[in-house]
Each structure stands twice: as C-alpha cells, then as structure tokens.
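> Pasting final27.pdb below, which is PDB, C-alpha atoms, pLDDT in the B column.
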```
ATOM      1  CA  MET A  16       5.689 -11.027  15.486  1.00 40.00           C
ATOM      2  CA  ASN A  17       6.214  -7.921  17.587  1.00 45.00           C
ATOM      3  CA  ASP A  18       5.110  -4.749  15.808  1.00 46.00           C
ATOM      4  CA  GLU A  19       7.866  -2.847  17.620  1.00 60.00           C
ATOM      5  CA  ARG A  20      10.578  -4.615  15.652  1.00 80.00           C
ATOM      6  CA  SER A  21      13.070  -2.054  14.400  1.00 91.00           C
ATOM      7  CA  LEU A  22      12.941  -1.158  10.734  1.00 97.00           C
ATOM      8  CA  GLU A  23      16.064   0.966  11.040  1.00 96.00           C
ATOM      9  CA  GLY A  24      17.575   1.633   7.644  1.00 95.00           C
ATOM     10  CA  VAL A  25      14.848  -0.167   5.696  1.00 98.00           C
ATOM     11  CA  LYS A  26      13.929   1.814   2.571  1.00 98.00           C
ATOM     12  CA  ILE A  27      10.191   1.596   1.958  1.00 98.00           C
ATOM     13  CA  GLY A  28       8.465   2.824  -1.177  1.00 98.00           C
ATOM     14  CA  TYR A  29       5.232   4.082   0.380  1.00 98.00           C
ATOM     15  CA  GLY A  30       2.360   4.400  -2.081  1.00 98.00           C
ATOM     16  CA  LEU A  31      -1.183   5.730  -1.786  1.00 98.00           C
ATOM     17  CA  THR A  32      -4.059   5.219  -4.195  1.00 98.00           C
ATOM     18  CA  GLY A  33      -7.467   6.872  -4.126  1.00 95.00           C
ATOM     19  CA  SER A  34      -9.259   5.205  -1.219  1.00 96.00           C
ATOM     20  CA  PHE A  35      -9.515   8.573   0.481  1.00 96.00           C
ATOM     21  CA  CYS A  36     -11.517   7.333   3.473  1.00 95.00           C
ATOM     22  CA  THR A  37      -8.466   5.364   4.662  1.00 97.00           C
ATOM     23  CA  PHE A  38      -5.870   8.107   4.209  1.00 98.00           C
ATOM     24  CA  ASP A  39      -5.862   8.944   7.932  1.00 98.00           C
ATOM     25  CA  LYS A  40      -5.090   5.299   8.737  1.00 98.00           C
ATOM     26  CA  SER A  41      -2.371   5.254   6.108  1.00 98.00           C
ATOM     27  CA  PHE A  42      -0.768   8.442   7.410  1.00 98.00           C
ATOM     28  CA  ALA A  43      -0.798   7.019  10.949  1.00 98.00           C
ATOM     29  CA  ALA A  44       0.834   3.810   9.685  1.00 98.00           C
ATOM     30  CA  ALA A  45       3.468   5.814   7.798  1.00 98.00           C
ATOM     31  CA  LYS A  46       4.302   7.732  10.982  1.00 98.00           C
ATOM     32  CA  LYS A  47       4.662   4.430  12.825  1.00 98.00           C
ATOM     33  CA  LEU A  48       7.076   3.127  10.189  1.00 98.00           C
ATOM     34  CA  ARG A  49       9.159   6.281  10.510  1.00 98.00           C
ATOM     35  CA  ALA A  50       9.183   5.884  14.295  1.00 97.00           C
ATOM     36  CA  LEU A  51      10.506   2.348  13.821  1.00 97.00           C
ATOM     37  CA  GLY A  52      13.411   3.761  11.812  1.00 97.00           C
ATOM     38  CA  ALA A  53      12.269   3.228   8.233  1.00 98.00           C
ATOM     39  CA  GLU A  54      13.050   5.597   5.388  1.00 98.00           C
ATOM     40  CA  LEU A  55      10.009   6.354   3.226  1.00 98.00           C
ATOM     41  CA  ILE A  56      10.019   7.106  -0.499  1.00 98.00           C
ATOM     42  CA  PRO A  57       6.474   8.436  -1.033  1.00 98.00           C
ATOM     43  CA  VAL A  58       4.523   7.724  -4.219  1.00 98.00           C
ATOM     44  CA  MET A  59       0.933   8.592  -5.120  1.00 98.00           C
ATOM     45  CA  SER A  60      -1.329   7.554  -7.965  1.00 98.00           C
ATOM     46  CA  TYR A  61      -2.716  10.308 -10.167  1.00 97.00           C
ATOM     47  CA  ASN A  62      -6.093  10.133  -8.409  1.00 97.00           C
ATOM     48  CA  ALA A  63      -4.563  10.142  -4.935  1.00 97.00           C
ATOM     49  CA  SER A  64      -2.485  13.247  -5.642  1.00 97.00           C
ATOM     50  CA  HIS A  65      -4.989  15.215  -7.724  1.00 97.00           C
ATOM     51  CA  ILE A  66      -8.499  14.606  -6.348  1.00 97.00           C
ATOM     52  CA  SER A  67      -9.904  16.606  -3.439  1.00 97.00           C
ATOM     53  CA  SER A  68     -12.632  15.023  -1.327  1.00 96.00           C
ATOM     54  CA  ARG A  69     -14.360  15.396   2.035  1.00 94.00           C
ATOM     55  CA  PHE A  70     -11.311  13.622   3.466  1.00 94.00           C
ATOM     56  CA  GLY A  71      -9.015  16.482   2.497  1.00 96.00           C
ATOM     57  CA  THR A  72      -7.869  18.466  -0.494  1.00 97.00           C
ATOM     58  CA  ALA A  73      -5.323  17.028  -2.882  1.00 97.00           C
ATOM     59  CA  GLU A  74      -2.799  19.615  -1.722  1.00 98.00           C
ATOM     60  CA  GLU A  75      -3.364  18.776   1.951  1.00 98.00           C
ATOM     61  CA  ASN A  76      -2.916  15.051   1.368  1.00 98.00           C
ATOM     62  CA  VAL A  77       0.265  15.483  -0.659  1.00 98.00           C
ATOM     63  CA  SER A  78       1.665  17.865   1.949  1.00 98.00           C
ATOM     64  CA  GLU A  79       0.848  15.464   4.778  1.00 98.00           C
ATOM     65  CA  LEU A  80       2.648  12.555   3.134  1.00 98.00           C
ATOM     66  CA  GLU A  81       5.634  14.752   2.283  1.00 98.00           C
ATOM     67  CA  ALA A  82       5.847  15.973   5.868  1.00 98.00           C
ATOM     68  CA  ILE A  83       5.844  12.403   7.191  1.00 98.00           C
ATOM     69  CA  ALA A  84       8.397  11.134   4.667  1.00 98.00           C
ATOM     70  CA  GLY A  85      10.565  14.245   4.715  1.00 98.00           C
ATOM     71  CA  ARG A  86      10.838  14.336   0.933  1.00 98.00           C
ATOM     72  CA  PRO A  87       8.705  15.180  -2.140  1.00 98.00           C
ATOM     73  CA  VAL A  88       6.036  12.757  -3.303  1.00 98.00           C
ATOM     74  CA  ILE A  89       6.687  10.976  -6.602  1.00 98.00           C
ATOM     75  CA  LYS A  90       3.698  11.946  -8.758  1.00 98.00           C
ATOM     76  CA  THR A  91       4.740  11.102 -12.336  1.00 98.00           C
ATOM     77  CA  ILE A  92       5.509   7.911 -14.218  1.00 98.00           C
ATOM     78  CA  GLU A  93       8.894   9.200 -15.318  1.00 98.00           C
ATOM     79  CA  ASP A  94       9.912   9.958 -11.722  1.00 98.00           C
ATOM     80  CA  ALA A  95       8.766   6.508 -10.547  1.00 98.00           C
ATOM     81  CA  GLU A  96      10.634   4.538 -13.224  1.00 98.00           C
ATOM     82  CA  PRO A  97      14.122   4.832 -11.616  1.00 98.00           C
ATOM     83  CA  ILE A  98      12.968   3.092  -8.418  1.00 98.00           C
ATOM     84  CA  GLY A  99      14.047  -0.294  -9.751  1.00 98.00           C
ATOM     85  CA  PRO A 100      17.190   0.582 -11.731  1.00 97.00           C
ATOM     86  CA  LYS A 101      18.548   2.711  -8.874  1.00 98.00           C
ATOM     87  CA  LYS A 102      17.419   0.161  -6.234  1.00 97.00           C
ATOM     88  CA  LEU A 103      15.778   2.892  -4.201  1.00 98.00           C
ATOM     89  CA  CYS A 104      13.558   0.557  -2.125  1.00 98.00           C
ATOM     90  CA  ASP A 105      13.954  -2.613  -0.096  1.00 98.00           C
ATOM     91  CA  ILE A 106      10.191  -3.113  -0.131  1.00 98.00           C
ATOM     92  CA  MET A 107       7.215  -1.422  -1.805  1.00 98.00           C
ATOM     93  CA  VAL A 108       3.974  -0.746   0.078  1.00 98.00           C
ATOM     94  CA  VAL A 109       0.616   0.224  -1.448  1.00 98.00           C
ATOM     95  CA  ALA A 110      -1.552   1.494   1.412  1.00 98.00           C
ATOM     96  CA  PRO A 111      -4.347   1.956   0.615  1.00 98.00           C
ATOM     97  CA  CYS A 112      -4.659  -0.088  -2.561  1.00 98.00           C
ATOM     98  CA  THR A 113      -7.922   0.375  -4.449  1.00 97.00           C
ATOM     99  CA  ALA A 114      -9.604  -2.298  -6.544  1.00 96.00           C
ATOM    100  CA  ASN A 115      -8.647  -0.285  -9.628  1.00 97.00           C
ATOM    101  CA  THR A 116      -4.929  -0.346  -8.826  1.00 98.00           C
ATOM    102  CA  LEU A 117      -5.133  -3.977  -7.687  1.00 97.00           C
ATOM    103  CA  ALA A 118      -6.618  -4.956 -11.059  1.00 97.00           C
ATOM    104  CA  LYS A 119      -3.870  -3.109 -12.894  1.00 98.00           C
ATOM    105  CA  LEU A 120      -1.179  -4.870 -10.866  1.00 98.00           C
ATOM    106  CA  ALA A 121      -2.829  -8.240 -11.461  1.00 97.00           C
ATOM    107  CA  MET A 122      -2.962  -7.614 -15.214  1.00 96.00           C
ATOM    108  CA  GLY A 123       0.449  -5.968 -15.538  1.00 96.00           C
ATOM    109  CA  ILE A 124      -0.933  -2.562 -16.528  1.00 97.00           C
ATOM    110  CA  THR A 125       1.468   0.322 -15.900  1.00 97.00           C
ATOM    111  CA  ASP A 126      -0.243   3.673 -16.424  1.00 97.00           C
ATOM    112  CA  THR A 127       0.132   5.544 -13.126  1.00 98.00           C
ATOM    113  CA  PRO A 128       3.117   6.592 -11.011  1.00 98.00           C
ATOM    114  CA  LEU A 129       2.245   3.931  -8.452  1.00 98.00           C
ATOM    115  CA  THR A 130       1.873   1.028 -10.857  1.00 98.00           C
ATOM    116  CA  MET A 131       5.170   2.080 -12.440  1.00 98.00           C
ATOM    117  CA  ALA A 132       6.804   2.197  -8.999  1.00 98.00           C
ATOM    118  CA  VAL A 133       5.666  -1.365  -8.270  1.00 98.00           C
ATOM    119  CA  LYS A 134       6.679  -2.630 -11.706  1.00 98.00           C
ATOM    120  CA  SER A 135      10.084  -0.982 -11.440  1.00 98.00           C
ATOM    121  CA  HIS A 136      10.631  -2.372  -7.934  1.00 98.00           C
ATOM    122  CA  LEU A 137       9.638  -5.891  -9.029  1.00 98.00           C
ATOM    123  CA  ARG A 138      12.405  -5.987 -11.635  1.00 97.00           C
ATOM    124  CA  ASN A 139      14.696  -6.597  -8.651  1.00 97.00           C
ATOM    125  CA  ALA A 140      12.353  -9.318  -7.287  1.00 97.00           C
ATOM    126  CA  GLY A 141      11.656  -7.183  -4.228  1.00 97.00           C
ATOM    127  CA  PRO A 142       8.627  -7.700  -1.979  1.00 98.00           C
ATOM    128  CA  VAL A 143       5.410  -5.721  -2.455  1.00 98.00           C
ATOM    129  CA  VAL A 144       2.923  -5.260   0.405  1.00 98.00           C
ATOM    130  CA  ILE A 145      -0.731  -4.572  -0.413  1.00 98.00           C
ATOM    131  CA  ALA A 146      -3.165  -2.953   2.047  1.00 98.00           C
ATOM    132  CA  ILE A 147      -6.453  -3.468   0.244  1.00 98.00           C
ATOM    133  CA  SER A 148      -9.376  -1.073   0.662  1.00 97.00           C
ATOM    134  CA  THR A 149     -12.371  -1.552  -1.621  1.00 96.00           C
ATOM    135  CA  ASN A 150     -16.158  -1.944  -1.569  1.00 94.00           C
ATOM    136  CA  ASP A 151     -15.811  -4.510  -4.365  1.00 93.00           C
ATOM    137  CA  ALA A 152     -13.453  -7.027  -2.723  1.00 94.00           C
ATOM    138  CA  LEU A 153     -15.905  -9.921  -2.435  1.00 95.00           C
ATOM    139  CA  ALA A 154     -17.473  -9.231  -5.834  1.00 95.00           C
ATOM    140  CA  GLY A 155     -15.761  -8.114  -9.055  1.00 92.00           C
ATOM    141  CA  CYS A 156     -12.398  -7.559  -7.394  1.00 93.00           C
ATOM    142  CA  ALA A 157     -12.188 -10.984  -5.737  1.00 96.00           C
ATOM    143  CA  LYS A 158     -10.464 -12.642  -8.693  1.00 96.00           C
ATOM    144  CA  ASN A 159      -7.711 -10.010  -8.725  1.00 97.00           C
ATOM    145  CA  ILE A 160      -7.057 -10.438  -5.008  1.00 97.00           C
ATOM    146  CA  GLY A 161      -6.711 -14.157  -5.676  1.00 96.00           C
ATOM    147  CA  ILE A 162      -4.331 -13.558  -8.574  1.00 97.00           C
ATOM    148  CA  LEU A 163      -1.988 -11.347  -6.549  1.00 97.00           C
ATOM    149  CA  GLN A 164      -2.109 -13.588  -3.486  1.00 96.00           C
ATOM    150  CA  ASN A 165      -0.914 -16.381  -5.754  1.00 96.00           C
ATOM    151  CA  TYR A 166       1.983 -14.349  -7.219  1.00 96.00           C
ATOM    152  CA  ARG A 167       5.485 -14.440  -5.834  1.00 95.00           C
ATOM    153  CA  HIS A 168       6.715 -11.267  -4.135  1.00 97.00           C
ATOM    154  CA  TYR A 169       3.219 -10.035  -3.180  1.00 98.00           C
ATOM    155  CA  TYR A 170       2.134  -9.939   0.471  1.00 98.00           C
ATOM    156  CA  PHE A 171      -1.154  -8.709   1.931  1.00 98.00           C
ATOM    157  CA  VAL A 172      -1.791  -6.780   5.093  1.00 98.00           C
ATOM    158  CA  PRO A 173      -4.433  -8.877   6.916  1.00 98.00           C
ATOM    159  CA  TYR A 174      -7.945  -7.646   6.173  1.00 97.00           C
ATOM    160  CA  ALA A 175     -11.562  -7.930   7.302  1.00 96.00           C
ATOM    161  CA  GLN A 176     -15.054  -6.971   6.207  1.00 95.00           C
ATOM    162  CA  ASP A 177     -15.468  -3.434   7.488  1.00 91.00           C
ATOM    163  CA  ASN A 178     -19.280  -3.156   7.376  1.00 87.00           C
ATOM    164  CA  PHE A 179     -20.912  -6.429   6.334  1.00 90.00           C
ATOM    165  CA  GLU A 180     -24.469  -5.204   6.930  1.00 92.00           C
ATOM    166  CA  LYS A 181     -24.360  -2.117   4.720  1.00 93.00           C
ATOM    167  CA  LYS A 182     -21.433  -3.078   2.448  1.00 93.00           C
ATOM    168  CA  PRO A 183     -21.309  -6.889   2.300  1.00 94.00           C
ATOM    169  CA  ASN A 184     -18.611  -6.977  -0.412  1.00 95.00           C
ATOM    170  CA  SER A 185     -16.269  -4.464   1.242  1.00 95.00           C
ATOM    171  CA  ILE A 186     -12.968  -5.275   2.929  1.00 96.00           C
ATOM    172  CA  VAL A 187     -10.294  -3.043   4.425  1.00 97.00           C
ATOM    173  CA  ALA A 188      -6.811  -3.948   5.578  1.00 98.00           C
ATOM    174  CA  ASP A 189      -5.868  -3.533   9.223  1.00 97.00           C
ATOM    175  CA  PHE A 190      -3.359  -0.709   8.841  1.00 98.00           C
ATOM    176  CA  GLU A 191      -2.105  -1.260  12.380  1.00 97.00           C
ATOM    177  CA  LEU A 192      -0.626  -4.548  11.145  1.00 97.00           C
ATOM    178  CA  LEU A 193       1.462  -2.881   8.446  1.00 98.00           C
ATOM    179  CA  PRO A 194       4.755  -2.983  10.411  1.00 98.00           C
ATOM    180  CA  GLN A 195       4.386  -6.704  11.149  1.00 97.00           C
ATOM    181  CA  THR A 196       3.398  -7.432   7.552  1.00 98.00           C
ATOM    182  CA  ILE A 197       6.469  -5.597   6.260  1.00 98.00           C
ATOM    183  CA  ALA A 198       8.771  -7.381   8.688  1.00 97.00           C
ATOM    184  CA  ALA A 199       7.373 -10.760   7.615  1.00 97.00           C
ATOM    185  CA  ALA A 200       7.537  -9.881   3.897  1.00 98.00           C
ATOM    186  CA  LEU A 201      11.185  -8.900   4.223  1.00 97.00           C
ATOM    187  CA  GLU A 202      11.738 -12.479   5.420  1.00 97.00           C
ATOM    188  CA  GLY A 203       9.680 -13.898   2.544  1.00 97.00           C
ATOM    189  CA  ARG A 204       6.671 -14.742   4.731  1.00 97.00           C
ATOM    190  CA  GLN A 205       2.998 -13.821   4.586  1.00 98.00           C
ATOM    191  CA  LEU A 206       1.719 -12.610   7.956  1.00 97.00           C
ATOM    192  CA  GLN A 207      -1.055 -14.950   9.075  1.00 97.00           C
ATOM    193  CA  PRO A 208      -3.964 -15.216   9.363  1.00 97.00           C
ATOM    194  CA  VAL A 209      -4.731 -13.060   6.337  1.00 97.00           C
ATOM    195  CA  ILE A 210      -8.472 -12.892   7.011  1.00 95.00           C
ATOM    196  CA  ARG A 211      -9.294 -11.373  10.390  1.00 93.00           C
ATOM    197  CA  GLN A 212     -12.408 -10.488  12.328  1.00 86.00           C
ATOM    198  CA  ASN A 213     -13.315  -6.835  12.287  1.00 77.00           C
ATOM    199  CA  LYS A 214     -12.401  -5.073  15.539  1.00 68.00           C
TER     200      LYS A 214
END
```
Can the structure in the file be given as structure tokens, please?


Amino acid sequence: MNDERSLEGVKIGYGLTGSFCTFDKSFAAAKKLRALGAELIPVMSYNASHISSRFGTAEENVSELEAIAGRPVIKTIEDAEPIGPKKLCDIMVVAPCTANTLAKLAMGITDTPLTMAVKSHLRNAGPVVIAISTNDALAGCAKNIGILQNYRHYYFVPYAQDNFEKKPNSIVADFELLPQTIAAALEGRQLQPVIRQNK
C-alpha cells in the first residue's frame, strides 16, 4: 500500500504515552498524517504530558503536539470520555504505546486520559492502531501483545527488535509505516508483515 494515500478528512485520535525516546519519531509521523490531510485530536497519558526527560520537558512535548494538531491536547479522563459518544474519531492511534499502557488496554483498565480515549472510541467499534515501544516486549509484555493482536479492532504498526545485542527483549514500531497501517486498519486489515527486520 502506498504511504502517500490521501487521508483527507479522516479524524484521527492521536495518543502518546511515556516512551519519551520515540517522541521525535511520533511527532514526525503526526506531521506526515497532517500532510496527508488527516485531522488530529491529540491525547496524552498522564506520564506523557507531565514528565520531563532528556528528550524534552513536559511543556515542550505538549506544545509540540498541539502545534502539529492545531488544537489543545486532551490531558484528563473527563475530557477524553466524550470521544466515543460524540464520535470525534474515525480511528484511534497510540504512538508510542508503552508496555504499561498496552497491559492496561489488554486488561480493560481505564485510569488515564489515553486509556479512556481508546475505551470511549471502542464503544463505536472503531479501529485502534498501536505503535509499540518497550524494552519488555519479548519478556513480560509479550502476553499482552498477543492478547491485543487477537482482539477485534486492534491493529499494530509493524515492529522490529531495535537493539537485540544490548536490549534483546526490546521492540519498537516502525513509525514511518503509520500512514499505511492506518489506511489498512480503516479497511479492516492488518498491514503485513507485522514483524520486520530492523533497518
């Protein structure tokens, strides 16, 4: 599938969780989606919007996402809840998605703005795209990846081990494949192959 396919008019709930080392990739992917015509409704987990790290202050990261989306970031559970009832999104994206958030989604736990956004969106049986980023993917998190990959409405951005010598259990999604993954998910398809070789 061509990654230049127009997403004109597609309303994307665009969520970030606290894998701060992949924020630059996520921001670049968000800009690409906007260039393809998508409308972004930005959402951040509590950690993503409140923790400062060597990858940027909390304020800088929130401001960057708001500048890309052209609207305020949803940062509270109460502000995320209307996403489903008001049918604000055609598709929900979590990029990056940490192991912590992945586990919550797999177990149906709703205690952050982002997990609420996904839960609210799923009430309309809408697609959810996951861009995993975790050092624990091939260890404790593996079962939760398997659970979500087996659920209806969940689609994964293809991923690879990012540093198998120093971090043998770590995988990171290929954020450059986010547009293709979204286009496929909107048609009810999982972009294949899911497991890729690291570039």

> Selection in question (the file shown): the PyMOL selection byres ((chain A and resi 202) around 12). Which residues does it include, as a ChimeraX atom specification?

/A:16,105-106,141-142,168,170,195-201,203-206

> Using all atoms listed in the file, which of A:Met131, A:Val77, A:Ala50, A:Leu117 sits nearest Pro97 of chain A?

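Using all atoms listed in the file, Pro97 of chain A sits closest to A:Met131.
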
> Write out as a ChimeraX atom specification each polymer residue whose atoms come within 9 Å of Pro183 of chain A, counting all atoms listed in the file; drop sequence neighbours fewer than 4 positions from it.

/A:150-151,153,176-179

> Check what the PyMOL selection byres ((chain A and resi 146) around 7) selects in the file above and give those residues as number ranges by chain.

A: 109-112, 144-145, 147-148, 171-172, 188

> Hey, what comes out of the PyMOL selection byres ((chain A and resi 126) around 10) on this file? Could you write it as a ChimeraX atom specification?

/A:60-61,91-92,116,119,123-125,127-131

> Mind giving me the straight-line distance from atom CA of Glu23 of chain A to atom CA of Ala53 of chain A in Å, one decimal?

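Separation between atom CA of Glu23 of chain A and atom CA of Ala53 of chain A: 5.2 Å.
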
> For a quick check of understanding, using all atoms listed in the file, which of A:Cys36, A:Ala132, A:Glu74, A:Lys102 has the smallest distance to Val58 of chain A?

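Under the stated criterion, the closest residue is A:Ala132.
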
> Against segment 25-33 of chain A, which residues of segment 52-100 of chain A fall within 6 Å? For each one I want the closest pair of atoms and the distance in Å (one decimal), counting only C-alpha atoms, rows by chain and increasing residue number, as a tab-separated table.


```
residue	atom	partner	partner_atom	distance
A:Ala53	CA	A:Val25	CA	5.0
A:Glu54	CA	A:Lys26	CA	4.8
A:Leu55	CA	A:Ile27	CA	4.9
A:Ile56	CA	A:Gly28	CA	4.6
A:Pro57	CA	A:Tyr29	CA	4.7
A:Val58	CA	A:Gly30	CA	4.5
A:Met59	CA	A:Leu31	CA	4.9
A:Ser60	CA	A:Thr32	CA	5.2
A:Asn62	CA	A:Gly33	CA	5.6
A:Ala63	CA	A:Gly33	CA	4.4
```

> Restricted to C-alpha atoms, what would the selected residues look like written as a PDB file, in the coordinates of the input?


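Saved to result.pdb:
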```
ATOM      1  CA  ALA A  53      12.269   3.228   8.233  1.00 98.00           C
ATOM      2  CA  GLU A  54      13.050   5.597   5.388  1.00 98.00           C
ATOM      3  CA  LEU A  55      10.009   6.354   3.226  1.00 98.00           C
ATOM      4  CA  ILE A  56      10.019   7.106  -0.499  1.00 98.00           C
ATOM      5  CA  PRO A  57       6.474   8.436  -1.033  1.00 98.00           C
ATOM      6  CA  VAL A  58       4.523   7.724  -4.219  1.00 98.00           C
ATOM      7  CA  MET A  59       0.933   8.592  -5.120  1.00 98.00           C
ATOM      8  CA  SER A  60      -1.329   7.554  -7.965  1.00 98.00           C
ATOM      9  CA  ASN A  62      -6.093  10.133  -8.409  1.00 97.00           C
ATOM     10  CA  ALA A  63      -4.563  10.142  -4.935  1.00 97.00           C
TER      11      ALA A  63
END
```
